[in-house]
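As provided, target.txt (compact mmCIF, N, CA and C atoms) reads as follows.
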```
# COMPACT_ATOMS: atom_id res chain seq x y z
N MET A 1 0.85 -1.18 0.00
CA MET A 1 0.00 0.00 0.00
C MET A 1 0.89 1.25 0.00
N GLU A 2 0.71 2.09 -0.96
CA GLU A 2 1.47 3.33 -1.05
C GLU A 2 0.73 4.42 -0.29
N LEU A 3 1.42 5.11 0.59
CA LEU A 3 0.82 6.14 1.42
C LEU A 3 1.22 7.53 0.94
N THR A 4 0.35 8.49 1.20
CA THR A 4 0.66 9.88 0.91
C THR A 4 1.14 10.55 2.20
N LEU A 5 1.73 11.71 2.07
CA LEU A 5 2.16 12.48 3.22
C LEU A 5 0.97 12.80 4.12
N ALA A 6 -0.16 13.16 3.54
CA ALA A 6 -1.35 13.49 4.33
C ALA A 6 -1.83 12.28 5.12
N GLN A 7 -1.80 11.09 4.52
CA GLN A 7 -2.20 9.88 5.24
C GLN A 7 -1.24 9.58 6.39
N LEU A 8 0.06 9.75 6.15
CA LEU A 8 1.03 9.53 7.22
C LEU A 8 0.84 10.53 8.35
N GLN A 9 0.58 11.77 8.01
CA GLN A 9 0.38 12.79 9.04
C GLN A 9 -0.84 12.45 9.88
N GLU A 10 -1.90 11.98 9.24
CA GLU A 10 -3.09 11.58 9.97
C GLU A 10 -2.79 10.39 10.89
N MET A 11 -2.08 9.39 10.39
CA MET A 11 -1.71 8.23 11.19
C MET A 11 -0.82 8.65 12.36
N GLY A 12 0.11 9.54 12.11
CA GLY A 12 1.06 9.98 13.13
C GLY A 12 0.46 10.92 14.16
N SER A 13 -0.72 11.46 13.89
CA SER A 13 -1.32 12.42 14.81
C SER A 13 -1.64 11.78 16.17
N VAL A 14 -1.80 10.46 16.21
CA VAL A 14 -2.07 9.79 17.48
C VAL A 14 -0.81 9.15 18.06
N GLY A 15 0.30 9.25 17.37
CA GLY A 15 1.56 8.68 17.83
C GLY A 15 2.53 9.77 18.26
N PHE A 16 3.80 9.41 18.32
CA PHE A 16 4.84 10.31 18.79
C PHE A 16 4.93 11.61 17.98
N PRO A 17 4.90 11.55 16.63
CA PRO A 17 4.94 12.82 15.88
C PRO A 17 3.81 13.76 16.27
N GLY A 18 2.62 13.19 16.52
CA GLY A 18 1.49 14.01 16.95
C GLY A 18 1.70 14.58 18.35
N LEU A 19 2.30 13.79 19.22
CA LEU A 19 2.60 14.25 20.57
C LEU A 19 3.55 15.45 20.53
N LEU A 20 4.56 15.38 19.66
CA LEU A 20 5.47 16.51 19.51
C LEU A 20 4.79 17.70 18.84
N GLY A 21 3.84 17.42 17.94
CA GLY A 21 3.16 18.49 17.21
C GLY A 21 3.81 18.81 15.87
N ILE A 22 4.44 17.81 15.26
CA ILE A 22 5.15 18.02 14.00
C ILE A 22 4.17 18.28 12.86
N ASP A 23 4.48 19.28 12.07
CA ASP A 23 3.71 19.60 10.86
C ASP A 23 4.56 19.18 9.66
N PHE A 24 4.18 18.07 9.04
CA PHE A 24 4.89 17.61 7.84
C PHE A 24 4.36 18.42 6.67
N ARG A 25 5.23 19.21 6.07
CA ARG A 25 4.80 20.20 5.10
C ARG A 25 4.97 19.80 3.64
N GLU A 26 5.97 18.99 3.36
CA GLU A 26 6.26 18.67 1.96
C GLU A 26 7.06 17.38 1.90
N ALA A 27 6.81 16.60 0.86
CA ALA A 27 7.59 15.38 0.64
C ALA A 27 7.68 15.13 -0.85
N GLY A 28 8.78 14.54 -1.25
CA GLY A 28 8.98 14.21 -2.66
C GLY A 28 9.89 13.01 -2.76
N ASP A 29 10.47 12.85 -3.90
CA ASP A 29 11.35 11.71 -4.16
C ASP A 29 12.64 11.89 -3.37
N GLY A 30 12.70 11.27 -2.20
CA GLY A 30 13.91 11.31 -1.40
C GLY A 30 14.06 12.50 -0.48
N TYR A 31 12.98 13.19 -0.14
CA TYR A 31 13.09 14.29 0.82
C TYR A 31 11.76 14.51 1.55
N VAL A 32 11.87 15.09 2.74
CA VAL A 32 10.71 15.49 3.54
C VAL A 32 11.07 16.80 4.23
N ARG A 33 10.12 17.72 4.29
CA ARG A 33 10.29 18.96 5.04
C ARG A 33 9.20 19.04 6.11
N ALA A 34 9.61 19.43 7.32
CA ALA A 34 8.67 19.50 8.44
C ALA A 34 8.97 20.73 9.28
N ARG A 35 7.98 21.10 10.09
CA ARG A 35 8.10 22.27 10.96
C ARG A 35 7.57 21.90 12.34
N LEU A 36 8.15 22.54 13.36
CA LEU A 36 7.72 22.30 14.73
C LEU A 36 7.70 23.63 15.47
N GLU A 37 6.52 23.98 16.00
CA GLU A 37 6.39 25.17 16.83
C GLU A 37 6.74 24.78 18.26
N LEU A 38 7.77 25.41 18.80
CA LEU A 38 8.27 25.03 20.12
C LEU A 38 7.40 25.58 21.24
N GLU A 39 7.07 24.68 22.17
CA GLU A 39 6.28 25.02 23.34
C GLU A 39 7.06 24.61 24.59
N GLU A 40 6.54 24.93 25.74
CA GLU A 40 7.18 24.55 27.00
C GLU A 40 7.39 23.04 27.08
N LYS A 41 6.46 22.26 26.51
CA LYS A 41 6.56 20.80 26.58
C LYS A 41 7.80 20.27 25.85
N HIS A 42 8.40 21.06 24.98
CA HIS A 42 9.60 20.65 24.24
C HIS A 42 10.90 20.97 24.98
N MET A 43 10.80 21.63 26.12
CA MET A 43 11.97 22.10 26.84
C MET A 43 12.40 21.10 27.91
N ALA A 44 13.69 21.14 28.22
CA ALA A 44 14.24 20.38 29.35
C ALA A 44 13.98 21.18 30.64
N PRO A 45 14.12 20.56 31.79
CA PRO A 45 13.91 21.29 33.05
C PRO A 45 14.81 22.51 33.22
N ASN A 46 15.94 22.55 32.51
CA ASN A 46 16.84 23.71 32.62
C ASN A 46 16.40 24.89 31.75
N GLY A 47 15.27 24.73 31.01
CA GLY A 47 14.74 25.83 30.20
C GLY A 47 15.21 25.85 28.76
N TYR A 48 16.14 24.97 28.43
CA TYR A 48 16.63 24.88 27.05
C TYR A 48 15.90 23.76 26.30
N LEU A 49 15.94 23.83 25.00
CA LEU A 49 15.31 22.83 24.15
C LEU A 49 15.86 21.44 24.49
N HIS A 50 14.96 20.50 24.73
CA HIS A 50 15.36 19.14 25.08
C HIS A 50 15.95 18.44 23.86
N ALA A 51 17.10 17.79 24.04
CA ALA A 51 17.74 17.07 22.93
C ALA A 51 16.80 16.04 22.32
N GLY A 52 16.00 15.40 23.16
CA GLY A 52 15.06 14.39 22.66
C GLY A 52 14.02 14.97 21.71
N THR A 53 13.65 16.24 21.91
CA THR A 53 12.74 16.90 20.98
C THR A 53 13.37 16.99 19.60
N VAL A 54 14.62 17.42 19.55
CA VAL A 54 15.32 17.58 18.28
C VAL A 54 15.52 16.22 17.60
N VAL A 55 15.94 15.22 18.37
CA VAL A 55 16.14 13.88 17.82
C VAL A 55 14.82 13.31 17.33
N GLY A 56 13.77 13.43 18.13
CA GLY A 56 12.46 12.92 17.73
C GLY A 56 11.92 13.61 16.48
N PHE A 57 12.15 14.91 16.39
CA PHE A 57 11.73 15.70 15.23
C PHE A 57 12.47 15.24 13.97
N ALA A 58 13.79 15.18 14.05
CA ALA A 58 14.60 14.77 12.89
C ALA A 58 14.33 13.32 12.51
N ASP A 59 14.23 12.45 13.50
CA ASP A 59 13.98 11.03 13.24
C ASP A 59 12.62 10.82 12.59
N SER A 60 11.63 11.59 13.01
CA SER A 60 10.30 11.48 12.42
C SER A 60 10.31 11.93 10.96
N ALA A 61 11.02 13.02 10.66
CA ALA A 61 11.12 13.48 9.26
C ALA A 61 11.79 12.40 8.40
N CYS A 62 12.88 11.82 8.91
CA CYS A 62 13.56 10.76 8.17
C CYS A 62 12.67 9.52 8.04
N GLY A 63 11.97 9.19 9.11
CA GLY A 63 11.09 8.02 9.08
C GLY A 63 9.96 8.16 8.09
N TYR A 64 9.35 9.33 8.04
CA TYR A 64 8.29 9.55 7.04
C TYR A 64 8.87 9.44 5.64
N GLY A 65 10.06 10.00 5.46
CA GLY A 65 10.72 9.89 4.15
C GLY A 65 10.96 8.44 3.79
N CYS A 66 11.40 7.66 4.75
CA CYS A 66 11.67 6.24 4.52
C CYS A 66 10.39 5.51 4.11
N ILE A 67 9.30 5.75 4.83
CA ILE A 67 8.02 5.10 4.50
C ILE A 67 7.58 5.47 3.09
N LEU A 68 7.75 6.73 2.73
CA LEU A 68 7.32 7.19 1.40
C LEU A 68 8.25 6.75 0.28
N ASN A 69 9.41 6.20 0.63
CA ASN A 69 10.40 5.79 -0.37
C ASN A 69 10.85 4.35 -0.17
N LEU A 70 9.96 3.49 0.32
CA LEU A 70 10.31 2.08 0.51
C LEU A 70 10.62 1.42 -0.83
N PRO A 71 11.65 0.58 -0.89
CA PRO A 71 11.93 -0.14 -2.14
C PRO A 71 10.89 -1.24 -2.36
N ASP A 72 10.81 -1.72 -3.58
CA ASP A 72 9.87 -2.79 -3.92
C ASP A 72 10.03 -3.97 -2.99
N GLY A 73 8.92 -4.47 -2.49
CA GLY A 73 8.91 -5.65 -1.63
C GLY A 73 9.07 -5.36 -0.16
N ALA A 74 9.50 -4.16 0.21
CA ALA A 74 9.65 -3.81 1.63
C ALA A 74 8.28 -3.46 2.21
N THR A 75 8.04 -3.91 3.43
CA THR A 75 6.76 -3.65 4.10
C THR A 75 6.88 -2.60 5.19
N GLY A 76 8.09 -2.19 5.50
CA GLY A 76 8.33 -1.21 6.54
C GLY A 76 9.82 -1.09 6.79
N PHE A 77 10.16 -0.51 7.94
CA PHE A 77 11.57 -0.32 8.27
C PHE A 77 11.71 -0.25 9.78
N THR A 78 12.93 -0.37 10.24
CA THR A 78 13.26 -0.10 11.63
C THR A 78 14.61 0.60 11.68
N THR A 79 14.75 1.53 12.60
CA THR A 79 16.00 2.25 12.75
C THR A 79 17.04 1.35 13.41
N VAL A 80 18.23 1.27 12.82
CA VAL A 80 19.29 0.46 13.40
C VAL A 80 20.42 1.32 13.97
N GLU A 81 20.49 2.58 13.56
CA GLU A 81 21.49 3.48 14.13
C GLU A 81 21.07 4.92 13.87
N LEU A 82 21.37 5.80 14.83
CA LEU A 82 21.17 7.23 14.61
C LEU A 82 22.20 8.01 15.39
N LYS A 83 22.46 9.22 14.88
CA LYS A 83 23.45 10.10 15.49
C LYS A 83 23.03 11.54 15.28
N THR A 84 23.26 12.36 16.28
CA THR A 84 22.92 13.78 16.18
C THR A 84 24.07 14.63 16.72
N ASN A 85 24.40 15.68 15.99
CA ASN A 85 25.33 16.71 16.46
C ASN A 85 24.50 17.98 16.69
N PHE A 86 24.59 18.52 17.90
CA PHE A 86 23.84 19.73 18.26
C PHE A 86 24.77 20.93 18.17
N LEU A 87 24.29 21.98 17.51
CA LEU A 87 25.11 23.17 17.30
C LEU A 87 24.59 24.40 18.03
N ARG A 88 23.28 24.45 18.27
CA ARG A 88 22.68 25.57 19.00
C ARG A 88 21.29 25.15 19.46
N THR A 89 20.61 26.05 20.16
CA THR A 89 19.30 25.73 20.71
C THR A 89 18.28 26.76 20.25
N ALA A 90 17.05 26.62 20.70
CA ALA A 90 15.97 27.55 20.37
C ALA A 90 15.06 27.66 21.59
N GLN A 91 14.24 28.69 21.60
CA GLN A 91 13.37 28.98 22.73
C GLN A 91 11.91 28.69 22.41
N PRO A 92 11.09 28.49 23.45
CA PRO A 92 9.65 28.32 23.23
C PRO A 92 9.08 29.56 22.52
N GLY A 93 8.05 29.34 21.73
CA GLY A 93 7.44 30.44 20.99
C GLY A 93 8.08 30.67 19.63
N THR A 94 9.11 29.89 19.31
CA THR A 94 9.74 29.98 18.00
C THR A 94 9.46 28.70 17.22
N THR A 95 9.84 28.69 15.97
CA THR A 95 9.60 27.55 15.09
C THR A 95 10.93 27.03 14.57
N ILE A 96 11.04 25.70 14.52
CA ILE A 96 12.22 25.08 13.92
C ILE A 96 11.78 24.24 12.73
N ASP A 97 12.69 24.04 11.80
CA ASP A 97 12.41 23.29 10.57
C ASP A 97 13.37 22.13 10.43
N ALA A 98 12.91 21.08 9.76
CA ALA A 98 13.77 19.94 9.44
C ALA A 98 13.63 19.64 7.96
N GLU A 99 14.75 19.34 7.35
CA GLU A 99 14.75 18.83 5.98
C GLU A 99 15.52 17.52 5.99
N ALA A 100 14.81 16.44 5.66
CA ALA A 100 15.42 15.11 5.61
C ALA A 100 15.67 14.75 4.16
N ARG A 101 16.83 14.15 3.91
CA ARG A 101 17.22 13.77 2.55
C ARG A 101 17.72 12.33 2.54
N LEU A 102 17.29 11.58 1.53
CA LEU A 102 17.76 10.22 1.31
C LEU A 102 19.17 10.27 0.74
N VAL A 103 20.11 9.67 1.46
CA VAL A 103 21.51 9.64 1.03
C VAL A 103 21.81 8.34 0.29
N HIS A 104 21.23 7.24 0.80
CA HIS A 104 21.42 5.92 0.19
C HIS A 104 20.08 5.19 0.25
N GLY A 105 19.59 4.76 -0.88
CA GLY A 105 18.32 4.04 -0.94
C GLY A 105 18.50 2.64 -1.47
N GLY A 106 19.06 1.78 -0.66
CA GLY A 106 19.32 0.41 -1.08
C GLY A 106 18.14 -0.52 -0.87
N ARG A 107 18.31 -1.75 -1.27
CA ARG A 107 17.28 -2.78 -1.11
C ARG A 107 17.17 -3.23 0.35
N THR A 108 18.28 -3.18 1.08
CA THR A 108 18.32 -3.66 2.46
C THR A 108 18.34 -2.52 3.47
N THR A 109 19.02 -1.44 3.14
CA THR A 109 19.11 -0.30 4.05
C THR A 109 18.88 1.02 3.33
N GLN A 110 18.48 1.99 4.12
CA GLN A 110 18.42 3.37 3.66
C GLN A 110 19.20 4.21 4.66
N LEU A 111 19.85 5.24 4.16
CA LEU A 111 20.57 6.19 4.99
C LEU A 111 19.96 7.56 4.75
N TRP A 112 19.53 8.19 5.83
CA TRP A 112 18.88 9.50 5.76
C TRP A 112 19.65 10.51 6.58
N ASP A 113 19.80 11.72 6.04
CA ASP A 113 20.37 12.85 6.77
C ASP A 113 19.28 13.89 6.94
N ALA A 114 19.27 14.55 8.10
CA ALA A 114 18.34 15.66 8.33
C ALA A 114 19.12 16.84 8.90
N THR A 115 18.75 18.01 8.45
CA THR A 115 19.26 19.25 9.01
C THR A 115 18.11 19.94 9.71
N VAL A 116 18.31 20.25 10.99
CA VAL A 116 17.31 21.00 11.76
C VAL A 116 17.79 22.43 11.85
N SER A 117 16.93 23.36 11.44
CA SER A 117 17.29 24.78 11.41
C SER A 117 16.46 25.55 12.42
N GLY A 118 17.08 26.54 13.03
CA GLY A 118 16.40 27.37 14.02
C GLY A 118 15.57 28.45 13.37
N PRO A 119 14.94 29.29 14.20
CA PRO A 119 14.08 30.34 13.68
C PRO A 119 14.82 31.35 12.81
N ASP A 120 16.12 31.46 12.98
CA ASP A 120 16.92 32.38 12.17
C ASP A 120 17.45 31.72 10.90
N GLY A 121 17.08 30.45 10.69
CA GLY A 121 17.53 29.73 9.50
C GLY A 121 18.89 29.07 9.64
N ARG A 122 19.57 29.32 10.74
CA ARG A 122 20.88 28.72 10.97
C ARG A 122 20.74 27.26 11.43
N THR A 123 21.69 26.44 11.07
CA THR A 123 21.66 25.03 11.42
C THR A 123 21.77 24.86 12.94
N MET A 124 20.81 24.11 13.50
CA MET A 124 20.80 23.80 14.93
C MET A 124 21.37 22.41 15.20
N ALA A 125 21.07 21.47 14.28
CA ALA A 125 21.50 20.10 14.50
C ALA A 125 21.63 19.37 13.17
N LEU A 126 22.58 18.44 13.15
CA LEU A 126 22.79 17.56 12.01
C LEU A 126 22.49 16.14 12.50
N PHE A 127 21.67 15.43 11.75
CA PHE A 127 21.15 14.13 12.18
C PHE A 127 21.37 13.12 11.06
N ARG A 128 21.70 11.89 11.42
CA ARG A 128 21.84 10.81 10.43
C ARG A 128 21.21 9.54 11.01
N ALA A 129 20.43 8.83 10.18
CA ALA A 129 19.81 7.58 10.60
C ALA A 129 20.00 6.52 9.53
N THR A 130 20.27 5.30 9.98
CA THR A 130 20.33 4.13 9.10
C THR A 130 19.09 3.30 9.38
N GLN A 131 18.36 2.98 8.31
CA GLN A 131 17.10 2.23 8.41
C GLN A 131 17.27 0.87 7.75
N LEU A 132 16.81 -0.17 8.42
CA LEU A 132 16.81 -1.52 7.88
C LEU A 132 15.43 -1.78 7.28
N MET A 133 15.40 -2.19 6.02
CA MET A 133 14.13 -2.47 5.34
C MET A 133 13.58 -3.80 5.84
N LEU A 134 12.29 -3.82 6.14
CA LEU A 134 11.61 -5.04 6.61
C LEU A 134 10.88 -5.67 5.43
N ARG A 135 10.92 -7.00 5.38
CA ARG A 135 10.29 -7.74 4.29
C ARG A 135 9.52 -8.91 4.90
N PRO A 136 8.49 -9.38 4.21
CA PRO A 136 7.76 -10.53 4.74
C PRO A 136 8.67 -11.75 4.86
N SER A 137 8.46 -12.55 5.91
CA SER A 137 9.32 -13.73 6.09
C SER A 137 8.76 -14.95 5.38
```
Give the structure from this file in structure tokens form.
Amino acid sequence: MELTLAQLQEMGSVGFPGLLGIDFREAGDGYVRARLELEEKHMAPNGYLHAGTVVGFADSACGYGCILNLPDGATGFTTVELKTNFLRTAQPGTTIDAEARLVHGGRTTQLWDATVSGPDGRTMALFRATQLMLRPS
């Protein structure tokens, strides 16, 4: 079953992406763009943006991209590795953006990179995920 971005957004509204409040704005062949309006719920107890918010945001953008770009015969995927480099933070009441790009689209694995940008457009975080394609047994 081939899914659209709108269908994925609807499905995700009751899951983790919905909990974060991610707005998936655009998707195409090998890319996804998303936006997140930062609220107090996204912050760590120290008042700064929680690293898990950024990782969850970037991972969700990459995951949606993976679902929309599954190779023939794949029924889904699972993340086998991820890494994030944090460069700066953002405050509640601002908006951050993610752009996920397919770096490698193999039959067995996919590699996705995401750049998370702050309200000023500057890079906040660099994210990379390796996805293992799932197939019927």
For the structure I just gave you, how does DSSP split chain A - specifically, which residues are alpha helix (DSSP H)? Reply as a short mmCIF file (atom, residue, chain, number, x, y, z; two decimals) with N, CA and C atoms, in the frame of the given file.
```cif
data_model
loop_
_atom_site.label_atom_id
_atom_site.label_comp_id
_atom_site.auth_asym_id
_atom_site.auth_seq_id
_atom_site.Cartn_x
_atom_site.Cartn_y
_atom_site.Cartn_z
N LEU A 5 1.73 11.71 2.07
CA LEU A 5 2.16 12.48 3.22
C LEU A 5 0.97 12.80 4.12
N ALA A 6 -0.16 13.16 3.54
CA ALA A 6 -1.35 13.49 4.33
C ALA A 6 -1.83 12.28 5.12
N GLN A 7 -1.80 11.09 4.52
CA GLN A 7 -2.20 9.88 5.24
C GLN A 7 -1.24 9.58 6.39
N LEU A 8 0.06 9.75 6.15
CA LEU A 8 1.03 9.53 7.22
C LEU A 8 0.84 10.53 8.35
N GLN A 9 0.58 11.77 8.01
CA GLN A 9 0.38 12.79 9.04
C GLN A 9 -0.84 12.45 9.88
N GLU A 10 -1.90 11.98 9.24
CA GLU A 10 -3.09 11.58 9.97
C GLU A 10 -2.79 10.39 10.89
N MET A 11 -2.08 9.39 10.39
CA MET A 11 -1.71 8.23 11.19
C MET A 11 -0.82 8.65 12.36
N GLY A 12 0.11 9.54 12.11
CA GLY A 12 1.06 9.98 13.13
C GLY A 12 0.46 10.92 14.16
N PHE A 16 3.80 9.41 18.32
CA PHE A 16 4.84 10.31 18.79
C PHE A 16 4.93 11.61 17.98
N PRO A 17 4.90 11.55 16.63
CA PRO A 17 4.94 12.82 15.88
C PRO A 17 3.81 13.76 16.27
N GLY A 18 2.62 13.19 16.52
CA GLY A 18 1.49 14.01 16.95
C GLY A 18 1.70 14.58 18.35
N LEU A 19 2.30 13.79 19.22
CA LEU A 19 2.60 14.25 20.57
C LEU A 19 3.55 15.45 20.53
N LEU A 20 4.56 15.38 19.66
CA LEU A 20 5.47 16.51 19.51
C LEU A 20 4.79 17.70 18.84
N ALA A 51 17.10 17.79 24.04
CA ALA A 51 17.74 17.07 22.93
C ALA A 51 16.80 16.04 22.32
N GLY A 52 16.00 15.40 23.16
CA GLY A 52 15.06 14.39 22.66
C GLY A 52 14.02 14.97 21.71
N THR A 53 13.65 16.24 21.91
CA THR A 53 12.74 16.90 20.98
C THR A 53 13.37 16.99 19.60
N VAL A 54 14.62 17.42 19.55
CA VAL A 54 15.32 17.58 18.28
C VAL A 54 15.52 16.22 17.60
N VAL A 55 15.94 15.22 18.37
CA VAL A 55 16.14 13.88 17.82
C VAL A 55 14.82 13.31 17.33
N GLY A 56 13.77 13.43 18.13
CA GLY A 56 12.46 12.92 17.73
C GLY A 56 11.92 13.61 16.48
N PHE A 57 12.15 14.91 16.39
CA PHE A 57 11.73 15.70 15.23
C PHE A 57 12.47 15.24 13.97
N ALA A 58 13.79 15.18 14.05
CA ALA A 58 14.60 14.77 12.89
C ALA A 58 14.33 13.32 12.51
N ASP A 59 14.23 12.45 13.50
CA ASP A 59 13.98 11.03 13.24
C ASP A 59 12.62 10.82 12.59
N SER A 60 11.63 11.59 13.01
CA SER A 60 10.30 11.48 12.42
C SER A 60 10.31 11.93 10.96
N ALA A 61 11.02 13.02 10.66
CA ALA A 61 11.12 13.48 9.26
C ALA A 61 11.79 12.40 8.40
N CYS A 62 12.88 11.82 8.91
CA CYS A 62 13.56 10.76 8.17
C CYS A 62 12.67 9.52 8.04
N GLY A 63 11.97 9.19 9.11
CA GLY A 63 11.09 8.02 9.08
C GLY A 63 9.96 8.16 8.09
N TYR A 64 9.35 9.33 8.04
CA TYR A 64 8.29 9.55 7.04
C TYR A 64 8.87 9.44 5.64
N GLY A 65 10.06 10.00 5.46
CA GLY A 65 10.72 9.89 4.15
C GLY A 65 10.96 8.44 3.79
N CYS A 66 11.40 7.66 4.75
CA CYS A 66 11.67 6.24 4.52
C CYS A 66 10.39 5.51 4.11
N ILE A 67 9.30 5.75 4.83
CA ILE A 67 8.02 5.10 4.50
C ILE A 67 7.58 5.47 3.09
N LEU A 68 7.75 6.73 2.73
CA LEU A 68 7.32 7.19 1.40
C LEU A 68 8.25 6.75 0.28
#
```
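Neighbours of A:Leu36 closer than or equal to 7 Å, with all atoms listed in the file counted and sequence neighbours fewer than 2 positions away skipped, come out as Leu20, Gly21, Ile22, Asp23, Ala34, Leu38, Glu39, Thr94, Thr95, Ile96, Asp97 and Ala98 of chain A.
Compared by their closest atoms to A:Ser60, and using only C-alpha atoms, the residues A:Glu81, A:Glu99, A:Glu37, A:Glu2 rank with A:Glu99 nearest.
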| task | Tell me which protein, DNA and RNA residues are within 12 Å of A:Thr4, counting only C-alpha atoms, leaving out same-chain ones fewer than 5 positions away, and put them as a ChimeraX atom specification. | result | /A:9-11,24-29,32,64-65,67-69
| said: Restricting the calculation to all atoms listed in the file: of A:Thr78, A:Thr89, A:Asn46, A:Thr53, which residue gets closest to A:Gly118? | reply: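 So, comparing all the options, the nearest one is A:Thr89.
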Once 4 Å is added on each side, what are the centre and the three edge lengths, in Å to one decimal, of the axis-aligned box enclosing the listed atoms of stretch 110-118 of chain A? Present them as lines of an AutoDock Vina configuration file.
```
center_x = 18.1
center_y = 15.2
center_z = 8.8
size_x = 13.0
size_y = 34.5
size_z = 18.4
```
| Point-to-point distance in Å for atom C of A:Leu126 and atom CA of A:Phe86 |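 Here the two named atoms are 6.9 Å from each other.
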| message | Taking 6 positions as the minimum chain separation for residues in the same chain, which residues sit within 5 Å of A:Met133 when counting only N, CA and C atoms? Answer as an MDAnalysis selection string. | response | chainID A and resid 76:77 108:109
| Looking at only N, CA and C atoms, which of A:Ala90, A:Cys62, A:Leu19, A:Val80 is the one that sits closest to A:His50? |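 Answer, going by the shortest atom-to-atom distance: A:Ala90.
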| Residue among A:Leu87, A:Val14, A:Leu134, A:Ala100 lying closest to A:Arg122, counting only C-alpha atoms |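 Looking only at the distances to A:Arg122, the closest residue turns out to be A:Leu87.
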| With all atoms listed in the file as the atoms that count, which of A:Leu102, A:Ser137, A:Arg128, A:Pro17 lies nearest to A:Leu82? |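 Of A:Leu102, A:Ser137, A:Arg128, A:Pro17, the one nearest A:Leu82, counting all atoms listed in the file, is A:Arg128.
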| field | Pick from A:Phe16, A:Leu5, A:Gly30, A:Gly93 nearest to A:Met43, counting only C-alpha atoms | value |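 Nearest candidate to A:Met43 out of A:Phe16, A:Leu5, A:Gly30, A:Gly93: A:Gly93.
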| task | Record the distance separating atom CA of A:Gly73 and atom CA of A:Ala6, expressed in Å with one decimal. | result |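 Separating atom CA of A:Gly73 from atom CA of A:Ala6 is a distance of 22.5 Å.
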| task | One decimal, Å: what's the distance from atom CA of A:Met124 over to atom N of A:Thr84, could you say? | result | 11.8 Å
| task | Pick out each residue of stretch 18-102 of chain A that DSSP on the backbone tags as strand (DSSP E); I need them as a ChimeraX atom specification. | result | /A:23-28,31-37,76-86,95-102
